[in-house]
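Asks: input21.txt is the file, holding compact mmCIF, C-alpha atoms:
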# COMPACT_ATOMS: atom_id res chain seq x y z
CA MET O 1 0.00 0.00 0.00
CA LYS O 2 2.79 2.38 0.94
CA LYS O 3 4.63 1.56 -2.28
CA ILE O 4 1.56 2.40 -4.38
CA LEU O 5 0.95 5.61 -2.43
CA LEU O 6 4.55 6.81 -2.86
CA GLN O 7 4.54 5.89 -6.53
CA GLY O 8 1.23 7.74 -6.99
CA ILE O 9 2.62 10.85 -5.28
CA THR O 10 5.71 10.70 -7.49
CA VAL O 11 3.73 10.38 -10.71
CA LEU O 12 1.05 12.93 -9.76
CA SER O 13 3.52 15.58 -8.60
CA GLY O 14 5.66 15.08 -11.69
CA LEU O 15 2.59 15.42 -13.89
CA ILE O 16 1.43 18.59 -12.11
CA SER O 17 4.96 19.96 -12.45
CA ILE O 18 4.97 19.46 -16.21
CA LEU O 19 1.39 20.75 -16.58
CA SER O 20 2.31 23.95 -14.72
CA LEU O 21 5.01 24.60 -17.34
CA VAL O 22 2.39 24.11 -20.05
CA GLY O 23 0.11 26.52 -18.15
CA LEU O 24 2.94 29.04 -18.02
CA TYR O 25 3.26 28.89 -21.81
CA VAL O 26 -0.53 29.20 -22.29
CA ILE O 27 -0.70 32.27 -20.04
CA HIS O 28 2.21 33.87 -21.89
CA TYR O 29 0.65 33.07 -25.29
CA PHE O 30 -2.77 34.54 -24.45
CA THR O 31 -1.23 37.57 -22.77
CA GLU O 32 0.71 38.34 -25.92
CA HIS O 33 -2.16 37.68 -28.36
CA LYS O 34 -5.38 38.64 -26.55
CA MET O 35 -5.89 42.17 -25.24
CA GLY O 36 -8.47 41.14 -22.61
CA MET O 37 -6.00 38.74 -21.01
CA ALA O 38 -3.31 41.43 -21.04
CA ARG O 39 -5.66 43.86 -19.27
CA HIS O 40 -6.54 41.23 -16.72
CA MET O 41 -2.85 40.55 -16.02
CA VAL O 42 -2.20 44.28 -15.52
CA TYR O 43 -5.15 44.38 -13.10
CA LEU O 44 -3.82 41.38 -11.17
CA ARG O 45 -0.35 42.90 -11.03
CA SER O 46 -1.67 46.07 -9.41
CA LYS O 47 -3.86 44.05 -7.03
CA TRP O 48 -1.18 41.59 -5.86
CA ARG O 49 1.82 43.87 -5.58
CA GLY O 50 1.48 45.18 -2.03
CA PRO O 51 4.03 47.51 -0.45
CA GLN O 52 7.51 47.83 -1.86
CA ILE O 53 10.26 46.61 0.47
CA GLY O 54 13.67 47.40 -0.92
CA PRO O 55 14.03 46.64 -4.63
CA LEU O 56 11.11 44.16 -4.71
CA PHE O 57 7.43 44.23 -3.82
CA LEU O 58 6.07 42.13 -0.95
CA HIS O 59 4.59 39.53 -3.33
CA GLN O 60 7.95 39.11 -5.05
CA TRP O 61 9.77 38.69 -1.73
CA LYS O 62 7.34 35.94 -0.70
CA VAL O 63 7.82 34.05 -3.97
CA LEU O 64 11.61 34.46 -3.86
CA LEU O 65 11.71 33.20 -0.27
CA GLY O 66 9.49 30.25 -1.23
CA MET O 67 11.80 29.39 -4.14
CA MET O 68 14.84 29.54 -1.87
CA VAL O 69 13.24 27.26 0.74
CA LEU O 70 12.24 24.75 -1.94
CA SER O 71 15.75 24.89 -3.42
CA LEU O 72 17.26 24.18 -0.01
CA LEU O 73 14.91 21.22 0.49
CA PHE O 74 15.90 19.87 -2.92
CA LEU O 75 19.59 20.24 -2.13
CA ILE O 76 19.16 18.61 1.31
CA PHE O 77 17.43 15.61 -0.32
CA THR O 78 20.24 15.38 -2.86
CA LYS O 79 22.98 15.64 -0.23
CA LYS O 80 21.42 12.97 1.96
CA THR O 81 20.99 10.70 -1.05
CA PHE O 82 24.56 10.94 -2.27
CA GLY O 83 26.07 10.90 1.22
CA GLY O 84 28.27 13.36 3.01
CA LYS O 85 28.80 14.51 6.56
CA GLY O 86 25.09 15.03 7.29
CA LYS O 87 24.07 11.55 6.14
CA MET O 88 21.18 10.04 8.06
CA GLU O 89 21.65 6.64 9.69
CA GLY O 90 18.91 4.75 7.85
CA PHE O 91 19.26 6.56 4.52
CA PRO O 92 21.23 4.23 2.20
CA LYS O 93 23.08 5.48 -0.82
CA LEU O 94 21.06 5.05 -4.01
CA SER O 95 22.32 3.37 -7.12
CA PRO O 96 22.99 5.68 -10.07
CA LYS O 97 19.89 4.80 -12.10
CA LEU O 98 18.90 6.71 -15.21
CA LEU O 99 15.56 7.80 -13.72
CA HIS O 100 17.30 9.16 -10.65
CA LYS O 101 19.72 11.15 -12.81
CA LEU O 102 16.87 12.46 -14.97
CA LEU O 103 14.89 13.59 -11.90
CA LEU O 104 17.96 15.29 -10.49
CA LEU O 105 18.69 17.01 -13.80
CA TYR O 106 15.05 18.08 -14.20
CA GLY O 107 14.99 19.49 -10.68
CA LEU O 108 18.21 21.46 -11.08
CA GLY O 109 17.13 22.75 -14.48
CA SER O 110 13.74 23.70 -13.08
CA PHE O 111 15.21 25.74 -10.25
CA LEU O 112 17.75 27.46 -12.51
CA PHE O 113 14.98 28.32 -14.98
CA SER O 114 12.80 29.65 -12.16
CA TYR O 115 15.47 31.97 -10.80
CA ALA O 116 16.35 33.19 -14.28
CA TYR O 117 12.68 33.76 -15.15
CA PHE O 118 12.09 35.55 -11.84
CA PHE O 119 14.80 38.15 -12.43
CA ILE O 120 14.63 38.47 -16.23
CA ALA O 121 10.84 38.84 -16.30
CA MET O 122 11.07 41.39 -13.48
CA THR O 123 13.46 43.57 -15.46
CA MET O 124 11.47 43.23 -18.69
CA LYS O 125 8.19 44.15 -16.90
CA MET O 126 6.21 41.29 -18.41
CA ARG O 127 2.44 41.60 -18.03
CA GLU O 128 1.86 38.04 -16.82
CA TYR O 129 4.77 38.17 -14.36
CA GLU O 130 2.79 37.88 -11.09
CA LEU O 131 0.75 34.84 -12.14
CA SER O 132 3.65 33.15 -13.88
CA ILE O 133 5.94 33.29 -10.85
CA LEU O 134 3.16 31.71 -8.76
CA LEU O 135 2.95 28.91 -11.34
CA LEU O 136 6.73 28.50 -11.17
CA LEU O 137 6.52 28.28 -7.38
CA LEU O 138 3.88 25.56 -7.72
CA GLN O 139 6.04 23.77 -10.25
CA ASN O 140 9.07 23.88 -7.95
CA ALA O 141 7.01 22.57 -5.02
CA MET O 142 5.86 19.66 -7.18
CA VAL O 143 9.46 18.94 -8.26
CA VAL O 144 10.56 18.74 -4.62
CA LEU O 145 7.57 16.55 -3.75
CA CYS O 146 8.20 14.26 -6.73
CA TYR O 147 11.92 13.96 -5.96
CA GLY O 148 11.33 13.39 -2.25
CA ALA O 149 8.65 10.74 -2.83
CA TYR O 150 10.88 8.98 -5.36
CA LEU O 151 13.79 8.91 -2.91
CA TRP O 152 11.58 7.80 -0.03
CA ARG O 153 10.10 5.03 -2.20
CA SER O 154 13.58 3.85 -3.19
CA VAL O 155 14.73 3.80 0.43
CA TRP O 156 11.56 2.03 1.56
CA LEU O 157 11.92 -0.62 -1.17
CA ARG O 158 15.49 -1.32 -0.08
CA LYS O 159 14.46 -1.80 3.53
CA ASN O 160 11.54 -4.12 2.73
Would you write out, as structure tokens, the structure that this file holds?

Replies:
Amino acid sequence: MKKILLQGITVLSGLISILSLVGLYVIHYFTEHKMGMARHMVYLRSKWRGPQIGPLFLHQWKVLLGMMVLSLLFLIFTKKTFGGKGKMEGFPKLSPKLLHKLLLLYGLGSFLFSYAYFFIAMTMKMREYELSILLLLLQNAMVVLCYGAYLWRSVWLRKN
């Protein structure tokens, strides 16, 4: 039962992660080609901004902090998987499988893309910026959940 649950979490979170990237493209497409969507994005931007604290608005600080926390979780999972000084007692080292490497590469690429999109879109003043960074935050949360469930499932299968 636990194996099926962990596998379901891995597949579902990976699917949501990929679908959020598709949603990001759809939002960008309609913002560029439909004036009503562009107006709506400008309205949401003014509604969500909040007070400006330093160089960023409050909404942007929250998303940036969320991305940093998710990045740290991802790196902690990776460090505990591949060993090191902070290795947990019951956390065995995983074999270098292709799926594990692909998940790791997808996660690192996802976080690098998110940080680049966050700062580049901020400087270019994109209309769909506020909604798109929320979608990227959701995508990063799903990447961490997918990666963590995959690692947990692998560890659980080795123990049982």

Asks: Which of these, O:Ser114, O:Leu104, O:Tyr129, O:Leu134, has the shortest distance to Leu75 (chain O) once you count only C-alpha atoms?

Replies: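 Distance minimum relative to Leu75 (chain O) lands on O:Leu104.
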
Asks: Which residue out of O:Ser154, O:Gln7, O:Thr123, O:Gln60 has the minimum interatomic distance to Thr81 (chain O) when all atoms listed in the file are used?

Replies: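 Under the stated criterion, the closest residue is O:Ser154.
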
Asks: Do you know which residues are at most 8 Å from region 65-68 of chain O counting all atoms listed in the file, after dropping those on the same chain fewer than 2 positions away, and could you put them as a VMD selection string?

Replies: chain O and resid 61 to 63 70 to 72 111 137 140

Asks: Taking 2 positions as the minimum chain separation for residues in the same chain, which residues sit within 12 Å of Ile18 (chain O) when counting only C-alpha atoms? Answer as a PyMOL selection string.

Replies: chain O and resi 11-16+20-25+106-107+110+135-136+138-143+146

Asks: Mind dumping the selected residues with C-alpha atoms as an mmCIF file, keeping the file's coordinate frame?

Replies:
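The resulting file, out.cif, is shown below:
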data_model
loop_
_atom_site.group_PDB
_atom_site.id
_atom_site.type_symbol
_atom_site.label_atom_id
_atom_site.label_comp_id
_atom_site.auth_asym_id
_atom_site.auth_seq_id
_atom_site.Cartn_x
_atom_site.Cartn_y
_atom_site.Cartn_z
ATOM 1 C CA VAL O 11 3.730 10.380 -10.710
ATOM 2 C CA LEU O 12 1.050 12.930 -9.760
ATOM 3 C CA SER O 13 3.520 15.580 -8.600
ATOM 4 C CA GLY O 14 5.660 15.080 -11.690
ATOM 5 C CA LEU O 15 2.590 15.420 -13.890
ATOM 6 C CA ILE O 16 1.430 18.590 -12.110
ATOM 7 C CA SER O 20 2.310 23.950 -14.720
ATOM 8 C CA LEU O 21 5.010 24.600 -17.340
ATOM 9 C CA VAL O 22 2.390 24.110 -20.050
ATOM 10 C CA GLY O 23 0.110 26.520 -18.150
ATOM 11 C CA LEU O 24 2.940 29.040 -18.020
ATOM 12 C CA TYR O 25 3.260 28.890 -21.810
ATOM 13 C CA TYR O 106 15.050 18.080 -14.200
ATOM 14 C CA GLY O 107 14.990 19.490 -10.680
ATOM 15 C CA SER O 110 13.740 23.700 -13.080
ATOM 16 C CA LEU O 135 2.950 28.910 -11.340
ATOM 17 C CA LEU O 136 6.730 28.500 -11.170
ATOM 18 C CA LEU O 138 3.880 25.560 -7.720
ATOM 19 C CA GLN O 139 6.040 23.770 -10.250
ATOM 20 C CA ASN O 140 9.070 23.880 -7.950
ATOM 21 C CA ALA O 141 7.010 22.570 -5.020
ATOM 22 C CA MET O 142 5.860 19.660 -7.180
ATOM 23 C CA VAL O 143 9.460 18.940 -8.260
ATOM 24 C CA CYS O 146 8.200 14.260 -6.730
#

Asks: So that I can check the surroundings of region 34-47 of chain O, please list as a PyMOL selection string every protein, DNA and RNA residue that reaches within 8 Å of it, counting all atoms listed in the file and ignoring chain neighbours fewer than 6 positions away.

Replies: chain O and resi 127-131

Asks: Take every atom of region 63-70 of chain O listed in the file, fit an axis-aligned box around them, add 5 Å per side, and give the centre and edge lengths in Å to one decimal as JSON.

Replies:
{"center_x": 11.3, "center_y": 29.6, "center_z": -1.7, "size_x": 17.0, "size_y": 19.7, "size_z": 14.9}

Asks: Hey, can you check how far CA of Phe118 (chain O) sits from CA of Ile133 (chain O)?

Replies: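 According to the coordinates, CA of Phe118 (chain O) and CA of Ile133 (chain O) are separated by 6.6 Å.
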
Asks: Nearest to Phe57 (chain O) among O:Gly8, O:Met122, O:Met1, O:Leu19, with distances taken over all atoms listed in the file: which residue is it?

Replies: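 Of all the options, O:Met122 lies closest to Phe57 (chain O).
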
Asks: At what distance in Å, to one decimal, does CA of Ile120 (chain O) lie from CA of Gln52 (chain O)?

Replies: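 Distance between the two atoms: 18.6 Å.
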
Asks: Using 10 Å as the limit and counting all atoms listed in the file, can you tabulate each residue of region 60-135 of chain O that touches region 148-153 of chain O, with its shortest atom-to-atom distance in Å and the two atoms involved, as a Markdown table?

Replies:
| residue | atom | partner | partner_atom | distance |
| --- | --- | --- | --- | --- |
| O:Leu73 | CA | O:Gly148 | CA | 9.0 |
| O:Phe74 | CA | O:Gly148 | CA | 8.0 |
| O:Phe77 | CA | O:Gly148 | CA | 6.8 |
| O:Thr78 | CA | O:Leu151 | CA | 9.1 |
| O:Lys80 | CA | O:Leu151 | CA | 9.9 |
| O:Thr81 | CA | O:Leu151 | CA | 7.6 |
| O:Phe91 | CA | O:Trp152 | CA | 9.0 |
| O:Leu94 | CA | O:Leu151 | CA | 8.3 |
| O:Leu99 | CA | O:Tyr150 | CA | 9.7 |
| O:His100 | CA | O:Tyr150 | CA | 8.3 |
| O:Leu103 | CA | O:Tyr150 | CA | 9.0 |

Asks: Mind dumping the selected residues with C-alpha atoms as a PDB file, in the frame of the given file?

Replies:
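See selection04.pdb below for the written result:
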ATOM      1  CA  LEU O  73      14.910  21.220   0.490  1.00  0.00           C
ATOM      2  CA  PHE O  74      15.900  19.870  -2.920  1.00  0.00           C
ATOM      3  CA  PHE O  77      17.430  15.610  -0.320  1.00  0.00           C
ATOM      4  CA  THR O  78      20.240  15.380  -2.860  1.00  0.00           C
ATOM      5  CA  LYS O  80      21.420  12.970   1.960  1.00  0.00           C
ATOM      6  CA  THR O  81      20.990  10.700  -1.050  1.00  0.00           C
ATOM      7  CA  PHE O  91      19.260   6.560   4.520  1.00  0.00           C
ATOM      8  CA  LEU O  94      21.060   5.050  -4.010  1.00  0.00           C
ATOM      9  CA  LEU O  99      15.560   7.800 -13.720  1.00  0.00           C
ATOM     10  CA  HIS O 100      17.300   9.160 -10.650  1.00  0.00           C
ATOM     11  CA  LEU O 103      14.890  13.590 -11.900  1.00  0.00           C
TER      12      LEU O 103
END
